[in-house]
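Peer 1: Input: one structure, supplied below.
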Amino acid sequence: MAIIQSFLDTLAQLAQESGFAGFFADGGWKNIIMILISFVFMYLAVAKGFEPLLLLPISFGMLLTNLPFAEMYHPEYWNYVEEFKEDAGTVNDHYIDYQRILEHGGLLDILYMGVKLQIYPPLIFLGIGAMTDFGPLIASPRSFLLGAAAQGGIFFTFVGAAILNMSAADCASIAIIGGADGPTSIYVSSKLLTTHSANSVGTIALAAYTYMALVPIIQPPIMRALTTKKERSVVMGQLRPVSRLEKLIFPVLVTLIIALMIPSAAPLVGMLMFGNLLKESGCCDRLVKTAQNELMNIITIFLGVTVGATTQADKVISLDFGKVMLLGVVAFSLGTACGILLGKLMYVISGGKINPLIGSAGVSAVPMAARISQKVGQEEVPTNYLLMHAMGPNVAGVIGSAVAAGVLLAIVK
Amino acid sequence: MSCLPSTLAMLLSSNIPPDKTDLDGGTIASVVITGISVVFIGLIILILLVTLYGKVFEVINAKADAKAKAKAEEEAKAKAAEAKKEEVKAAPAPAAPVVEDGIEEEVVAAIMGALSAMYAGSGKKPVLKGVKAVKPRRSAWSAAGVMDNTRPF
């Protein structure tokens, strides 16, 4: 009889400690909703192909973090320890107890350190740099203007977020979604958002990647609405060939100028240009291959899963997340519109030689935004190839969004 | 105009605490103006520098192209002169034909003789470059069938 009693007690204890019991605990229903949302994102990634390389790890991280008692990620460990006195006696409200995380943290806590310490986004930029050809931008430097204009969406959305009475950190983190650059959004939000912020890195990343995946849906109507048939039909001339030496000088020049001008943009721009220099040098094939493939893939997995892990029920099932999604689409649309409008101005100034459609590629979703310019252009003239012309503003947008991130980090701190 | 960099530097150095809410109009406007201005200024500087070194490289490349073109023309002229000289000289003896193993010398001689006879009087000098046996394209059975069908003709 005692054996049966012991057996039943053990079963009862196991049931109490199981994750299933956690669903019935206080607020456990939110975990169920989050797990269902993770299934939706998995479906979008696998069946619909929406940014699957990031959305799938993010959605799985979301699933893992919402499993009760799995202890893979502890949000409470990432609360800033306030009133911590530094050597100089000043209060630092950005202190995180990393010792505690290393000793007691779960797998995702440890991996999340790479996000919180701003390690992953610059490494992703290294890989992007190693994959990017800046030739079209060097051949047509005016493309920089379109890359700069498209960043207008970031700053105008800052206004919208501020009107909604959000904190400065929230405003900057939401606004940067307009740059259409996932790593930059994660970089800015992981630096700025605190325990008191309404949003988390995960929700910002989720919104950024959702809108990046929706570029083919969001951009074309704006592009058609803001341009005339005549403007869309402009066939642009061929770009001049760019020598290897020019391509070698470019990353060094950009690093020097941008990092000296806005030091807070140095980690992103510096790593982007370092990756590009490796590629153009032609003497570091092994490093280039590593940066383009193995390193990029490893960081993508770590970044995706850990960012997904920060999307917890109380942050996602909230009005604030609704605001993020709303302002995110506003930011994205304004960025596209700003690029197109400057493209129209350049069309007039150049005497009709520039197709304004390439302006929308100034948002930095590489190469998707450039492909959209090509696609919308070909709807008017099937033999029109705008892709290489759009790649200039597109890669300029990557630099522009890193600069904009640097500016926001310099102002909000 | 000269005070623009100092104004931007001042705006960049004026910090907004991350947790601050109720941002006033002046603060918001300064963020927007500073942000857009700094992004444009940074990228315009890059446009100027990239355009400048692009022009320098265009000039350098144009010079290098002109040099290469001149060199190629000179080489072409030299080759043409050499070719003229060679025309004056007697044509070199034709190389011995490549003969496949198993073909007798008499057969080669007969082919050369037939060719010479064919071109005799035309002023052309035929050169036999090689002789090789053609493998039968049909099998023995197929050849027998063809023979059978075409014999009446």
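Going through the structure tokens in order, the chains are called A, B, and so on, while each chain numbers its residues from 1 and the ligands are numbered from 1 in the order shown.
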Could you tell me which residues of chain A sit within 7 Å of chain B when counting only C-alpha atoms, and give me the result as a list in words?
Peer 2: Ile138, Pro141, Arg142, Phe144, Leu145, Ala148, Gly152, Phe155, Phe156, Val159, Ala162, Asn165, Met166, Ser167, Ala168, Ala169, Leu192, His196, Ser197, Val254, Ile258, Gly400, Val403, Ala404, Val407, Ala410, Ile411, Val412 and Lys413 of chain A
Peer 1: Can you list, as a ChimeraX atom specification, all residues belonging to segment 51-147 of chain B that DSSP tags as alpha helix (DSSP H)?
Peer 2: /B:51-88,105-119,140-147
Peer 1: Extract the full set of strand (DSSP E or B) residues from segment 49-150 of chain B according to DSSP on the backbone, and format it as a list in words.
Peer 2: Val98, Val99, Gly130 and Val131 of chain B
Peer 1: Just the residues within 10 Å of Ile37 of chain A, please, counting only C-alpha atoms, with nothing from its chain fewer than 5 positions along; format it as a ChimeraX atom specification.
Peer 2: /A:31-32,42-43,59,62-63,316
Peer 1: Need to verify the contact set: segment 94-106 of chain B, 6 Å, only C-alpha atoms, exclusion of same-chain residues closer than 5 positions in sequence. Can you return it as a PyMOL selection string?
Peer 2: chain B and resi 128-132
Peer 1: Could the residues in this selection be written to a file with N, CA and C atoms, as a compact mmCIF listing (two decimals), in the first residue's frame?
Peer 2:
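As written to disk, out.txt reads:
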```
# COMPACT_ATOMS: atom_id res chain seq x y z
N LEU B 128 48.72 17.83 -97.88
CA LEU B 128 48.08 16.71 -97.17
C LEU B 128 48.48 16.77 -95.70
N LYS B 129 47.54 17.04 -94.86
CA LYS B 129 47.87 17.21 -93.44
C LYS B 129 47.80 15.91 -92.67
N GLY B 130 46.99 15.01 -93.06
CA GLY B 130 46.89 13.74 -92.31
C GLY B 130 46.11 12.70 -93.09
N VAL B 131 46.39 11.45 -92.78
CA VAL B 131 45.64 10.35 -93.39
C VAL B 131 45.21 9.41 -92.28
N LYS B 132 43.92 9.16 -92.20
CA LYS B 132 43.48 8.18 -91.21
C LYS B 132 42.33 7.36 -91.78
```
Peer 1: A:Ile298, A:Leu44, A:Leu55, A:Leu108: which is nearest Tyr73 of chain A, counting only C-alpha atoms?
Peer 2: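 When distances to Tyr73 of chain A are compared using only C-alpha atoms, the smallest one comes from A:Leu108.
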Peer 1: Under the rule that only C-alpha atoms are counted, which of A:Leu53, A:Ala205, A:Ile249, A:Met273 is the nearest residue to Gly127 of chain A?
Peer 2: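 Under the stated criterion, the closest residue is A:Met273.
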